[in-house]
$ cat data-v4.cif   # mmCIF, C-alpha atoms and all ligand atoms
data_model
#
loop_
_atom_site.label_atom_id
_atom_site.label_comp_id
_atom_site.auth_asym_id
_atom_site.auth_seq_id
_atom_site.Cartn_x
_atom_site.Cartn_y
_atom_site.Cartn_z
CA MET B 1 -22.79 -10.63 4.96
CA GLY B 2 -22.76 -14.24 3.65
CA TYR B 3 -22.49 -17.48 5.56
CA ASP B 4 -19.66 -17.93 8.02
CA LEU B 5 -16.47 -17.64 5.91
CA LYS B 6 -13.45 -19.88 6.55
CA VAL B 7 -10.20 -20.27 4.62
CA PHE B 8 -8.08 -23.44 4.68
CA THR B 9 -4.91 -24.43 2.89
CA GLY B 10 -2.56 -27.34 2.28
CA ASN B 11 1.21 -27.23 1.89
CA THR B 12 1.79 -25.66 -1.52
CA ASN B 13 1.41 -21.98 -0.71
CA ARG B 14 0.66 -21.37 2.97
CA PRO B 15 2.19 -17.83 2.93
CA LEU B 16 -0.30 -16.79 0.23
CA ALA B 17 -3.26 -18.25 2.17
CA GLN B 18 -2.01 -16.48 5.31
CA GLU B 19 -1.69 -13.18 3.44
CA ILE B 20 -5.26 -13.56 2.15
CA CYS B 21 -6.49 -14.15 5.71
CA ASN B 22 -4.54 -11.13 6.98
CA ILE B 23 -6.27 -8.94 4.37
CA LEU B 24 -9.66 -10.41 5.31
CA ASP B 25 -8.77 -9.85 8.99
CA MET B 26 -9.42 -13.46 9.93
CA GLU B 27 -7.50 -16.49 11.18
CA LEU B 28 -6.40 -19.20 8.74
CA GLY B 29 -8.52 -22.33 9.34
CA GLN B 30 -6.98 -24.98 11.58
CA ALA B 31 -6.24 -28.24 9.78
CA VAL B 32 -3.56 -30.90 9.82
CA VAL B 33 -2.37 -31.62 6.30
CA GLY B 34 0.49 -34.09 6.49
CA ARG B 35 1.58 -37.57 5.49
CA PHE B 36 0.91 -41.04 6.87
CA PRO B 37 3.96 -43.29 7.07
CA GLY B 38 4.22 -44.61 3.53
CA GLY B 39 3.41 -41.26 1.96
CA GLU B 40 -0.40 -41.13 1.77
CA THR B 41 -1.87 -37.70 2.47
CA GLN B 42 -3.37 -37.25 5.92
CA VAL B 43 -5.92 -34.52 6.64
CA GLN B 44 -7.92 -33.50 9.66
CA ILE B 45 -9.90 -30.27 9.96
CA ASP B 46 -9.52 -29.10 13.54
CA GLU B 47 -12.47 -26.74 13.85
CA ASN B 48 -16.21 -26.79 13.27
CA VAL B 49 -17.15 -26.04 9.62
CA ARG B 50 -20.84 -27.06 9.72
CA GLY B 51 -22.89 -24.63 7.59
CA CYS B 52 -19.78 -22.58 6.65
CA ASP B 53 -18.68 -21.07 3.33
CA ILE B 54 -15.30 -22.77 2.92
CA PHE B 55 -12.49 -21.58 0.64
CA ILE B 56 -9.55 -23.96 0.15
CA VAL B 57 -6.51 -22.11 -1.22
CA GLN B 58 -4.22 -24.55 -2.99
CA PRO B 59 -2.25 -24.01 -6.21
CA ILE B 60 -1.57 -27.32 -7.97
CA CYS B 61 2.20 -26.95 -8.10
CA THR B 62 5.51 -27.90 -6.53
CA ASN B 63 6.77 -26.52 -3.25
CA GLU B 64 10.33 -27.82 -2.93
CA GLU B 65 10.84 -26.56 0.62
CA GLU B 66 7.71 -28.42 1.79
CA GLY B 67 8.56 -31.52 -0.27
CA VAL B 68 5.30 -31.26 -2.20
CA ASN B 69 4.90 -31.98 -5.91
CA PRO B 70 1.83 -31.18 -8.08
CA ASN B 71 0.35 -34.64 -7.46
CA ASP B 72 0.63 -34.19 -3.67
CA ALA B 73 -0.88 -30.73 -4.07
CA LEU B 74 -3.87 -32.11 -5.92
CA MET B 75 -4.43 -34.89 -3.38
CA GLU B 76 -4.24 -32.40 -0.50
CA LEU B 77 -6.86 -30.26 -2.23
CA LEU B 78 -9.17 -33.21 -2.90
CA ILE B 79 -8.84 -34.68 0.58
CA LEU B 80 -9.33 -31.31 2.30
CA THR B 81 -12.45 -30.84 0.17
CA ASP B 82 -13.74 -34.29 1.09
CA ALA B 83 -13.12 -33.61 4.78
CA ALA B 84 -14.99 -30.29 4.64
CA ARG B 85 -17.92 -31.86 2.74
CA ARG B 86 -18.23 -34.72 5.25
CA ALA B 87 -18.08 -32.15 8.07
CA SER B 88 -21.25 -30.51 6.63
CA ALA B 89 -19.76 -27.36 5.09
CA ARG B 90 -22.51 -25.42 3.30
CA ARG B 91 -20.39 -24.69 0.21
CA ILE B 92 -16.77 -25.41 -0.71
CA THR B 93 -14.84 -23.25 -3.17
CA ALA B 94 -11.55 -24.55 -4.59
CA VAL B 95 -9.29 -21.49 -4.80
CA LEU B 96 -6.64 -22.36 -7.38
CA PRO B 97 -4.20 -19.46 -7.77
CA TYR B 98 -2.46 -21.74 -10.29
CA TYR B 99 -4.49 -24.46 -12.01
CA GLY B 100 -1.92 -27.16 -12.74
CA TYR B 101 -2.43 -29.89 -15.36
CA ALA B 102 -4.01 -27.19 -17.54
CA ARG B 103 -1.61 -27.39 -20.46
CA GLN B 104 -3.17 -30.65 -21.65
CA ASP B 105 -6.54 -29.08 -22.42
CA ARG B 106 -7.35 -30.69 -25.78
CA LYS B 107 -6.66 -33.88 -27.70
CA ASP B 108 -4.09 -32.48 -30.11
CA ARG B 109 -2.48 -35.87 -30.82
CA PRO B 110 -3.82 -39.43 -30.79
CA ARG B 111 -4.00 -41.23 -27.43
CA VAL B 112 -3.28 -38.25 -25.16
CA PRO B 113 -5.38 -37.34 -22.10
CA ILE B 114 -7.17 -34.08 -21.37
CA THR B 115 -5.87 -33.59 -17.87
CA ALA B 116 -7.49 -30.18 -17.43
CA LYS B 117 -10.89 -31.92 -17.71
CA LEU B 118 -9.86 -34.92 -15.59
CA VAL B 119 -8.72 -32.64 -12.75
CA ALA B 120 -11.94 -30.61 -13.05
CA ASN B 121 -13.95 -33.83 -12.62
CA MET B 122 -11.87 -34.81 -9.58
CA ILE B 123 -12.36 -31.43 -7.89
CA TYR B 124 -16.14 -31.63 -8.43
CA THR B 125 -16.33 -35.25 -7.27
CA ALA B 126 -14.47 -34.38 -4.07
CA GLY B 127 -17.22 -31.88 -3.26
CA ALA B 128 -16.22 -28.41 -4.50
CA ARG B 129 -19.19 -26.44 -5.80
CA ARG B 130 -17.33 -23.31 -6.93
CA VAL B 131 -13.90 -22.60 -8.36
CA LEU B 132 -11.87 -19.42 -8.11
CA SER B 133 -8.80 -19.38 -10.32
CA LEU B 134 -6.36 -16.91 -11.80
CA ASP B 135 -5.00 -16.56 -15.33
CA LEU B 136 -6.00 -20.00 -16.56
CA HIS B 137 -3.84 -21.39 -19.36
CA SER B 138 -6.90 -21.18 -21.63
CA ASN B 139 -10.34 -19.68 -21.09
CA GLN B 140 -12.17 -22.80 -22.24
CA ILE B 141 -11.08 -24.60 -19.05
CA GLN B 142 -13.96 -22.78 -17.34
CA GLY B 143 -16.30 -24.96 -19.41
CA PHE B 144 -14.69 -28.14 -18.07
CA PHE B 145 -16.54 -27.47 -14.81
CA ASP B 146 -20.34 -27.71 -14.49
CA ILE B 147 -20.15 -25.41 -11.45
CA PRO B 148 -19.48 -21.65 -11.36
CA VAL B 149 -15.90 -20.66 -12.13
CA ASP B 150 -14.68 -17.18 -11.28
CA HIS B 151 -11.69 -16.55 -13.52
CA LEU B 152 -9.53 -13.71 -12.21
CA TYR B 153 -6.79 -11.84 -14.05
CA SER B 154 -3.67 -10.36 -12.53
CA ILE B 155 -3.21 -7.82 -15.35
CA ASN B 156 -3.94 -4.74 -13.20
CA ILE B 157 -1.33 -5.71 -10.60
CA PHE B 158 1.37 -6.10 -13.27
CA VAL B 159 0.36 -3.02 -15.27
CA GLU B 160 0.58 -0.87 -12.14
CA TYR B 161 4.14 -2.14 -11.57
CA LEU B 162 5.16 -1.66 -15.22
CA LEU B 163 3.80 1.90 -15.28
CA LYS B 164 5.99 2.71 -12.26
CA LYS B 165 9.06 1.59 -14.23
CA LYS B 166 8.30 4.47 -16.65
CA MET B 167 9.73 2.63 -19.68
CA GLU B 168 9.75 4.75 -22.80
CA ASN B 169 9.49 3.48 -26.37
CA LEU B 170 7.85 0.33 -25.08
CA VAL B 171 6.57 -2.57 -27.20
CA VAL B 172 4.48 -5.37 -25.67
CA ILE B 173 5.41 -8.83 -26.93
CA SER B 174 3.19 -11.89 -27.21
CA PRO B 175 5.57 -14.90 -27.20
CA ASP B 176 3.14 -17.02 -29.24
CA GLU B 177 -0.15 -16.73 -31.10
CA GLY B 178 -2.14 -18.07 -28.11
CA GLY B 179 -1.08 -15.12 -25.99
CA ILE B 180 -2.07 -12.34 -28.40
CA LYS B 181 -5.34 -11.38 -26.71
CA MET B 182 -3.75 -10.96 -23.29
CA ALA B 183 -0.71 -9.12 -24.70
CA ARG B 184 -3.05 -6.77 -26.56
CA ALA B 185 -4.93 -6.04 -23.31
CA TYR B 186 -1.58 -5.11 -21.70
CA ALA B 187 -0.61 -3.02 -24.74
CA GLU B 188 -3.84 -1.03 -24.48
CA LEU B 189 -3.41 -0.31 -20.78
CA LEU B 190 0.26 0.60 -21.26
CA GLY B 191 -0.42 2.69 -24.38
CA ALA B 192 2.17 0.66 -26.32
CA PRO B 193 2.19 -1.19 -29.67
CA LEU B 194 2.15 -4.98 -29.91
CA ALA B 195 4.60 -7.39 -31.56
CA ILE B 196 4.33 -11.17 -31.87
CA VAL B 197 6.90 -13.93 -31.70
CA ASP B 198 6.09 -16.65 -34.20
CA LYS B 199 6.91 -19.74 -32.12
CA ARG B 200 6.40 -23.40 -32.98
CA ARG B 201 6.31 -26.02 -30.21
CA TRP B 202 7.69 -29.39 -31.29
CA SER B 203 7.40 -31.07 -27.85
CA GLY B 204 7.11 -30.26 -24.12
CA GLN B 205 10.83 -29.38 -24.14
CA LYS B 206 11.53 -28.16 -27.68
CA THR B 207 10.32 -24.98 -29.36
CA GLU B 208 11.57 -23.00 -32.35
CA ILE B 209 11.18 -19.30 -33.10
CA LEU B 210 10.61 -18.61 -36.76
CA ASN B 211 10.10 -14.85 -36.86
CA VAL B 212 9.14 -11.68 -34.98
CA ILE B 213 6.11 -9.89 -36.38
CA GLY B 214 6.39 -6.17 -35.58
CA ASP B 215 9.15 -3.62 -35.04
CA VAL B 216 11.33 -3.94 -31.92
CA LYS B 217 14.54 -2.27 -33.15
CA GLY B 218 15.67 0.40 -30.68
CA LYS B 219 12.65 -0.29 -28.41
CA ASN B 220 12.28 -1.50 -24.84
CA VAL B 221 10.10 -4.59 -24.70
CA VAL B 222 8.02 -6.50 -22.19
CA ILE B 223 7.09 -10.11 -22.93
CA ILE B 224 3.73 -11.29 -21.54
CA ASP B 225 2.86 -14.96 -20.88
CA ASP B 226 0.79 -17.06 -18.49
CA LEU B 227 3.48 -19.43 -17.26
CA ILE B 228 7.16 -20.21 -17.35
CA SER B 229 8.20 -23.83 -17.00
CA THR B 230 11.72 -24.68 -18.20
CA GLY B 231 12.29 -21.10 -19.33
CA GLY B 232 13.14 -22.22 -22.88
CA SER B 233 10.34 -20.26 -24.56
CA LEU B 234 11.07 -17.07 -22.68
CA THR B 235 14.86 -16.98 -22.93
CA GLU B 236 14.81 -18.00 -26.59
CA ALA B 237 12.26 -15.28 -27.37
CA ALA B 238 14.38 -12.76 -25.46
CA SER B 239 17.55 -13.55 -27.41
CA VAL B 240 15.73 -13.37 -30.75
CA LEU B 241 14.30 -9.98 -29.70
CA ARG B 242 17.80 -8.78 -28.76
CA ASP B 243 19.09 -9.99 -32.17
CA LYS B 244 16.32 -7.93 -33.78
CA GLY B 245 17.56 -4.83 -31.93
CA ALA B 246 15.43 -4.69 -28.75
CA LEU B 247 17.03 -2.68 -25.92
CA GLU B 248 15.84 -3.43 -22.35
CA ILE B 249 13.96 -6.72 -22.21
CA ASN B 250 11.58 -7.40 -19.32
CA ALA B 251 8.96 -10.11 -18.94
CA VAL B 252 5.70 -10.55 -17.06
CA ILE B 253 4.92 -14.25 -16.67
CA VAL B 254 2.10 -14.88 -14.22
CA HIS B 255 2.81 -18.39 -12.89
CA PRO B 256 6.46 -19.24 -12.01
CA VAL B 257 6.45 -23.02 -12.45
CA LEU B 258 10.26 -22.70 -12.88
CA ALA B 259 11.15 -26.31 -13.64
CA GLY B 260 14.64 -27.77 -14.17
CA PRO B 261 17.06 -25.24 -15.68
CA ALA B 262 14.60 -22.29 -15.67
CA ILE B 263 16.22 -20.14 -12.98
CA ASP B 264 19.76 -20.51 -14.37
CA ARG B 265 18.48 -19.78 -17.86
CA ILE B 266 16.86 -16.55 -16.69
CA GLU B 267 19.85 -15.41 -14.67
CA ASN B 268 22.14 -16.04 -17.66
CA SER B 269 19.81 -14.49 -20.23
CA VAL B 270 19.48 -11.02 -21.75
CA ILE B 271 16.35 -10.43 -19.66
CA SER B 272 16.66 -7.53 -17.21
CA GLU B 273 13.74 -8.45 -14.95
CA LEU B 274 11.19 -11.27 -14.83
CA ILE B 275 8.08 -10.24 -12.93
CA VAL B 276 5.84 -13.05 -11.69
CA ALA B 277 2.91 -13.58 -9.32
CA ASN B 278 3.14 -15.37 -5.97
CA SER B 279 0.54 -17.89 -7.17
CA ILE B 280 3.40 -20.42 -6.90
CA PRO B 281 6.01 -19.90 -4.17
CA LEU B 282 9.49 -19.08 -5.47
CA PRO B 283 12.22 -21.52 -4.43
CA LYS B 284 14.84 -19.93 -2.13
CA HIS B 285 17.53 -20.00 -4.85
CA ALA B 286 15.31 -17.82 -7.07
CA LEU B 287 15.33 -14.95 -4.60
CA ASN B 288 17.79 -12.03 -4.93
CA GLY B 289 18.23 -12.47 -8.66
CA LYS B 290 16.34 -11.18 -11.67
CA ILE B 291 12.95 -12.56 -10.57
CA LYS B 292 10.52 -10.26 -8.78
CA ALA B 293 7.24 -11.63 -7.34
CA LEU B 294 4.16 -9.44 -6.94
CA SER B 295 1.38 -10.46 -4.59
CA ILE B 296 -2.00 -11.55 -5.89
CA ALA B 297 -3.36 -11.88 -2.34
CA PRO B 298 -5.33 -8.59 -2.56
CA ILE B 299 -7.30 -9.68 -5.63
CA LEU B 300 -7.95 -13.18 -4.23
CA ALA B 301 -9.00 -11.81 -0.84
CA GLU B 302 -11.36 -9.27 -2.41
CA SER B 303 -12.86 -11.96 -4.66
CA ILE B 304 -13.40 -14.30 -1.71
CA ARG B 305 -15.11 -11.48 0.18
CA ARG B 306 -17.34 -10.71 -2.82
CA ILE B 307 -18.26 -14.37 -3.47
CA ASN B 308 -19.16 -14.78 0.19
CA ASN B 309 -21.39 -11.69 -0.11
CA ASP B 310 -22.84 -12.60 -3.54
CA GLU B 311 -21.29 -9.51 -5.15
CA SER B 312 -19.87 -9.16 -8.66
CA VAL B 313 -16.30 -10.35 -9.16
CA SER B 314 -15.83 -9.54 -12.86
CA ASN B 315 -15.97 -5.79 -12.33
CA LEU B 316 -12.61 -6.06 -10.50
CA PHE B 317 -10.97 -5.99 -13.94
CA ALA B 318 -13.68 -4.37 -16.07
CA ASN B 319 -11.05 -1.88 -17.31
CA ALA B 320 -8.98 -4.56 -19.08
CA LYS B 321 -10.06 -6.16 -22.37
CA VAL B 322 -8.96 -9.67 -21.41
CA GLU B 323 -12.05 -11.53 -22.62
CA GLY B 324 -14.42 -11.47 -25.58
C1 LIG B 401 2.75 -22.10 -23.70
O1 LIG B 401 1.65 -22.24 -24.21
C2 LIG B 401 2.92 -21.42 -22.40
O2 LIG B 401 2.21 -20.22 -22.39
C3 LIG B 401 4.37 -21.18 -22.06
O3 LIG B 401 4.95 -20.34 -23.04
C4 LIG B 401 5.15 -22.44 -22.01
O4 LIG B 401 4.45 -23.48 -21.39
C5 LIG B 401 6.45 -22.22 -21.26
O5 LIG B 401 7.18 -23.40 -21.22
P1 LIG B 401 8.77 -23.36 -21.10
O6 LIG B 401 9.12 -22.35 -20.05
O7 LIG B 401 9.16 -24.77 -20.71
O8 LIG B 401 9.31 -23.00 -22.44
#

$ encode --input "data-v4.cif" --output "structure tokens"
Amino acid sequence: MGYDLKVFTGNTNRPLAQEICNILDMELGQAVVGRFPGGETQVQIDENVRGCDIFIVQPICTNEEEGVNPNDALMELLILTDAARRASARRITAVLPYYGYARQDRKDRPRVPITAKLVANMIYTAGARRVLSLDLHSNQIQGFFDIPVDHLYSINIFVEYLLKKKMENLVVISPDEGGIKMARAYAELLGAPLAIVDKRRWSGQKTEILNVIGDVKGKNVVIIDDLISTGGSLTEAASVLRDKGALEINAVIVHPVLAGPAIDRIENSVISELIVANSIPLPKHALNGKIKALSIAPILAESIRRINNDESVSNLFANAKVEG
């Protein structure tokens, strides 16, 4: 058994942190995470953490119901980390079910930032000495940290669900070239062929689909991606696939950022079901429609237990060819 384990959270996904604690059969750490008049983030840890192995669960995302945006989420994470460090925690792990700011991970145009690196620096500077994250936008983000990063994958949770749907004549779709490796890993576990959507991104809001590489005519398809923001990429890919003769169209998109028109676009699209993780909480108006959230709490809880005990984490998904 490792050092005394404690889990804390801010206001972006308290239900997920609570679910993790329920699985670990422990209480969620007591902390006030609120706002000073004027809007600055106020934190106080209300229990002794001296010498403890602290895990702070905080996706960097919006939670509309809690009035939290990604910038608030990041500040809550940093300030909680600072508080735990100053209270003599032995080690602090930032548990980031969704690592926001990750899409800007390289300088692909002049005078743009690399926010994925900036945020990594901030998390380290605040005092985190380990990171546990899930389905990062790109694997190289691990290298932006000079501390250990455990990168988890939700593939087994989604594959188990898809297998239960018993879809015949299935083709797995990568919606862009960057997603091919992950889509191929799904295809192998599902025993299905792979097809690729040839997408070009012109800006944060505008994409264009040029072609579909592979045969989807008369097939059921499942589109695999790491995140959905405005829903443009997904719904456009779905309608092109339908035009090419695809029958039932489902999608597995891990992180439901669901910005702006995303939910309406999905509800009005040809997609039958969008399956997501609860890394980001779904807004109330997304419930009871086409979006189904699966819990990643079991994999996060088991990883926290293993890290605390110095056990291997990677063999949790040794069956899936998601890396290499
Ligand atoms: C792109 O690299 C990502 O994997 C997503 O496909 C993209 O960010 C989704 O954005 P949107 O939903 O706004 O089209």

$ residues_near_ligand --input "data-v4.cif" --ligand "ligand LIG 401 (chain B)" --cutoff "8 Å" --atoms "only C-alpha atoms and all ligand atoms" --output "CSV table (one decimal) with C-alpha atoms, in the frame of the given file"
chain,number,residue,atom,x,y,z
B,103,ARG,CA,-1.6,-27.4,-20.5
B,137,HIS,CA,-3.8,-21.4,-19.4
B,175,PRO,CA,5.6,-14.9,-27.2
B,176,ASP,CA,3.1,-17.0,-29.2
B,178,GLY,CA,-2.1,-18.1,-28.1
B,179,GLY,CA,-1.1,-15.1,-26.0
B,204,GLY,CA,7.1,-30.3,-24.1
B,205,GLN,CA,10.8,-29.4,-24.1
B,206,LYS,CA,11.5,-28.2,-27.7
B,207,THR,CA,10.3,-25.0,-29.4
B,225,ASP,CA,2.9,-15.0,-20.9
B,226,ASP,CA,0.8,-17.1,-18.5
B,227,LEU,CA,3.5,-19.4,-17.3
B,228,ILE,CA,7.2,-20.2,-17.4
B,229,SER,CA,8.2,-23.8,-17.0
B,230,THR,CA,11.7,-24.7,-18.2
B,231,GLY,CA,12.3,-21.1,-19.3
B,232,GLY,CA,13.1,-22.2,-22.9
B,233,SER,CA,10.3,-20.3,-24.6
B,234,LEU,CA,11.1,-17.1,-22.7
B,258,LEU,CA,10.3,-22.7,-12.9
B,259,ALA,CA,11.2,-26.3,-13.6
B,262,ALA,CA,14.6,-22.3,-15.7

$ residues_around --input "data-v4.cif" --residues "region 126-136 of chain B" --least-positions-apart "4" --cutoff "7 Å" --atoms "only C-alpha atoms" --output "CSV table (one decimal) with C-alpha atoms, keeping the file's coordinate frame"
chain,number,residue,atom,x,y,z
B,78,LEU,CA,-9.2,-33.2,-2.9
B,81,THR,CA,-12.4,-30.8,0.2
B,82,ASP,CA,-13.7,-34.3,1.1
B,85,ARG,CA,-17.9,-31.9,2.7
B,91,ARG,CA,-20.4,-24.7,0.2
B,92,ILE,CA,-16.8,-25.4,-0.7
B,93,THR,CA,-14.8,-23.2,-3.2
B,94,ALA,CA,-11.6,-24.6,-4.6
B,95,VAL,CA,-9.3,-21.5,-4.8
B,96,LEU,CA,-6.6,-22.4,-7.4
B,97,PRO,CA,-4.2,-19.5,-7.8
B,98,TYR,CA,-2.5,-21.7,-10.3
B,99,TYR,CA,-4.5,-24.5,-12.0
B,122,MET,CA,-11.9,-34.8,-9.6
B,147,ILE,CA,-20.2,-25.4,-11.4
B,148,PRO,CA,-19.5,-21.6,-11.4
B,149,VAL,CA,-15.9,-20.7,-12.1
B,150,ASP,CA,-14.7,-17.2,-11.3
B,151,HIS,CA,-11.7,-16.6,-13.5
B,152,LEU,CA,-9.5,-13.7,-12.2
B,153,TYR,CA,-6.8,-11.8,-14.0
B,154,SER,CA,-3.7,-10.4,-12.5
B,226,ASP,CA,0.8,-17.1,-18.5

$ closest_residue --input "data-v4.cif" --among "B:Glu19, B:Glu273, B:Asp4, B:Glu168" --to "Cys52 (chain B)" --atoms "all atoms listed in the file"
B:Asp4

$ atom_distance --input "data-v4.cif" --atom1 "CA of Ser88 (chain B)" --atom2 "CA of Asn13 (chain B)"
25.3 Å

$ atom_distance --input "data-v4.cif" --atom1 "CA of Ile299 (chain B)" --atom2 "CA of Leu316 (chain B)"
8.1 Å

$ closest_atom_pairs --input "data-v4.cif" --of "region 232-306 of chain B" --to "region 59-70 of chain B" --cutoff "8 Å" --atoms "all atoms listed in the file" --output "JSON lines"
{"residue": "B:Val257", "atom": "CA", "partner": "B:Cys61", "partner_atom": "CA", "distance": 7.2}
{"residue": "B:Ser279", "atom": "CA", "partner": "B:Pro59", "partner_atom": "CA", "distance": 6.8}
{"residue": "B:Ile280", "atom": "CA", "partner": "B:Pro59", "partner_atom": "CA", "distance": 6.7}
{"residue": "B:Pro281", "atom": "CA", "partner": "B:Asn63", "partner_atom": "CA", "distance": 6.7}
{"residue": "B:Pro283", "atom": "CA", "partner": "B:Glu64", "partner_atom": "CA", "distance": 6.7}

$ atom_distance --input "data-v4.cif" --atom1 "CA of Val49 (chain B)" --atom2 "CA of Ile296 (chain B)"
26.1 Å

$ closest_residue --input "data-v4.cif" --among "B:Thr235, B:Asn250, B:Asn309, B:Thr115" --to "Val276 (chain B)" --atoms "only C-alpha atoms"
B:Asn250

$ closest_residue --input "data-v4.cif" --among "B:Leu300, B:Ala84, B:Met75, B:Ala318" --to "Leu16 (chain B)" --atoms "all atoms listed in the file"
B:Leu300

$ closest_residue --input "data-v4.cif" --among "B:Asp146, B:Glu76, B:Ser203, B:Ala187" --to "Asp108 (chain B)" --atoms "all atoms listed in the file"
B:Ser203

$ residues_around --input "data-v4.cif" --residues "Phe144 (chain B)" --least-positions-apart "4" --cutoff "9 Å" --atoms "all atoms listed in the file" --output "list in words"
Ala116, Lys117, Leu118, Ala120, Asn121 and Gln140 of chain B

$ closest_residue --input "data-v4.cif" --among "B:Asp53, B:Glu27, B:Glu302, B:Glu177" --to "Ser314 (chain B)" --atoms "only C-alpha atoms"
B:Glu302

$ closest_residue --input "data-v4.cif" --among "B:Ala73, B:Leu282, B:Ala102, B:Leu162" --to "Gln142 (chain B)" --atoms "all atoms listed in the file"
B:Ala102

$ residues_around --input "data-v4.cif" --residues "Val172 (chain B)" --least-positions-apart "3" --cutoff "9 Å" --atoms "all atoms listed in the file" --output "MDAnalysis selection string"
chainID B and resid 183:184 186:187 190 192:196 220:224

$ residues_around --input "data-v4.cif" --residues "region 208-212 of chain B" --least-positions-apart "6" --cutoff "6 Å" --atoms "all atoms listed in the file" --output "ChimeraX atom specification"
/B:196-200
